[in-house]
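**Q** Mind looking over this structure? Questions follow.
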2 protein chains.
Amino acid sequence: MPTPERTSLDVIVAAAVRLLEEGGPSAVTMQAVAVTVGVKAPSLYKRVRDREALLSLVGADGADDLTARLEAASGLDDLLRAFRDFGHERPEAFRLLFTTAVDADRLAATSAPVLRATTSAVGEEHALDAARLLTAWATGFVTMELAGAFRLGGDLDEAYAYGRAHLIASLTRGQVEERPAQGS
Amino acid sequence: MPTPERTSLDVIVAAAVRLLEEGGPSAVTMQAVAVTVGVKAPSLYKRVRDREALLSLVGADGADDLTARLEAASGLDDLLRAFRDFGHERPEAFRLLFTTAVDADRLAATSAPVLRATTSAVGEEHALDAARLLTAWATGFVTMELAGAFRLGGDLDEAYAYGRAHLIASLTRGQVEERPAQGS
DNA sequence: ACCTGAACACCGTTCAAGT
DNA sequence: ACCTGAACACCGTTCAAGT
């Protein structure tokens, strides 16, 4: 007679998500996840290939959350605020997104709302360049902020607002006239 | 009679640096470091508090390397190229800088050449804002690039060149007129 | 068909004992 | 004064054995 299922993949991932945000990646042990969902560690391997795969699913969960927040935003300024808010509310998930290998499609979905916003702001031709400029800046700002790398004082909320205003203005008004011929 | 010293802190850190760049953080085990320097693992604790402290020293080494490269650059464009070059040549060190707690002073030293370049480009008053805008963008760009987060095609060398040109132009010409009143 | 106990290899770290 | 063997607690993972 088959043993009844005592847990599920969703429950396991949810537990891992919570452990991550509470104690960082090192707190996401197979043991801790197992205890949280009420099962022994070896049982987890029925639903998940290994710890790395589990962390990848946690990253995908974070990517989905971020995508939903960006989808709900309207306009570039709102979008950039939502991006940083996500980093503040789920700092460990944010870090994981740019650290661990997270599923390609789930992360790609994140860029859809950004591209939509930049397209309506600067037109189709420059939408990708603009999206990359903005997401790179926002990613770097939040990454450095979470790492405590801004040590020269000043209000970070203001600094982020300055960056938003400067970048959006520079994109919508003066685009750079011609693309440079060669890269580095 | 005292046992002769069979290693030193510098040798240990250098071994850890090499292990990191060859196999990522998980390759930097106390065992592997000990074997590399020709000693048993417990001996490492005579020079280093624990593994985290060792990784922090590795991060400091990376910060020093980055600082030296930025000091050698002349002008904003050159500076931004050097920053990305560092990320390409030492990707694991780059990631460590914005992940692990690295010594405050060593990381702060990195911003000195950036501030010098922005000061001469946009003046003292906007130097800090400009430095943060540029380093945040460059950090985010390289972070995303290393994470494989740019999946929409296109030449990344060109995209980086576009960003450099756009940002430098927007800073030196049209500064944003007034600082926004409130942040987010 | 799912779960578990036992086991394995491998961590980081401590410490008494060596020289 | 530095080094080491032995030991401890804790990982991730496998697998035969239970139901």
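Identifiers for the structure tokens are assigned positionally: chains receive A, B, ... in sequence, residues are indexed from 1 per chain, and ligands are indexed from 1 in the order shown.
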Starting from chain B, keep only residues with some atom at most 7 Å from an atom of chain D, counting only C-alpha atoms (C1' of nucleotides), and report them as a ChimeraX atom specification.

**A** /B:2-5,43

**Q** Contacts of Leu80 (chain A) at 12 Å or less, counting only C-alpha atoms (C1' of nucleotides), minus same-chain residues fewer than 5 places along, as a PyMOL selection string?

**A** (chain A and resi 66+69-75+85-87+113-114+117-118+131+133-139+141-142+160-165+167-168) or (chain B and resi 184)

**Q** So what do you get for CA of Ala14 (chain B) versus CA of Glu145 (chain B), distance-wise?

**A**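 So the two atoms, CA of Ala14 (chain B) and CA of Glu145 (chain B), lie 26.3 Å apart.
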
**Q** In Å, how far is it from CA of Ala34 (chain B) to CA of Pro25 (chain A)?

**A**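 If I compute the distance from CA of Ala34 (chain B) to CA of Pro25 (chain A), I get 25.3 Å.
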
**Q** Please report the interatomic distance between CA of Thr110 (chain A) and CA of Ala93 (chain B) in Å with one decimal.

**A** 26.9 Å

**Q** Could you pull out all residues of region 2-167 of chain B with a DSSP call of alpha helix (DSSP H) and give them as an NGL selection string?

**A** :B and (9-23 or 30-37 or 51-72 or 76-89 or 91-97 or 104-122 or 124-147 or 156-167)

**Q** Within 12 Å of Ala60 (chain A), counting only C-alpha atoms (C1' of nucleotides), which residues show up once you throw out same-chain ones fewer than 3 positions away? Write them as a list in words, please.

**A**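 My reading of the contact set: Val13, Ala14, Val17, Ala53, Leu54, Leu55, Ser56, Leu57, Ala63, Asp64, Asp65, Leu66, Thr67, Ala93, Phe94, Leu96, Leu97, Phe98, Thr100, Ala101, Val102, Asp103, Ala104, Asp105, Arg106, Leu107, Ala108, Ala109 and Thr110 of chain A.
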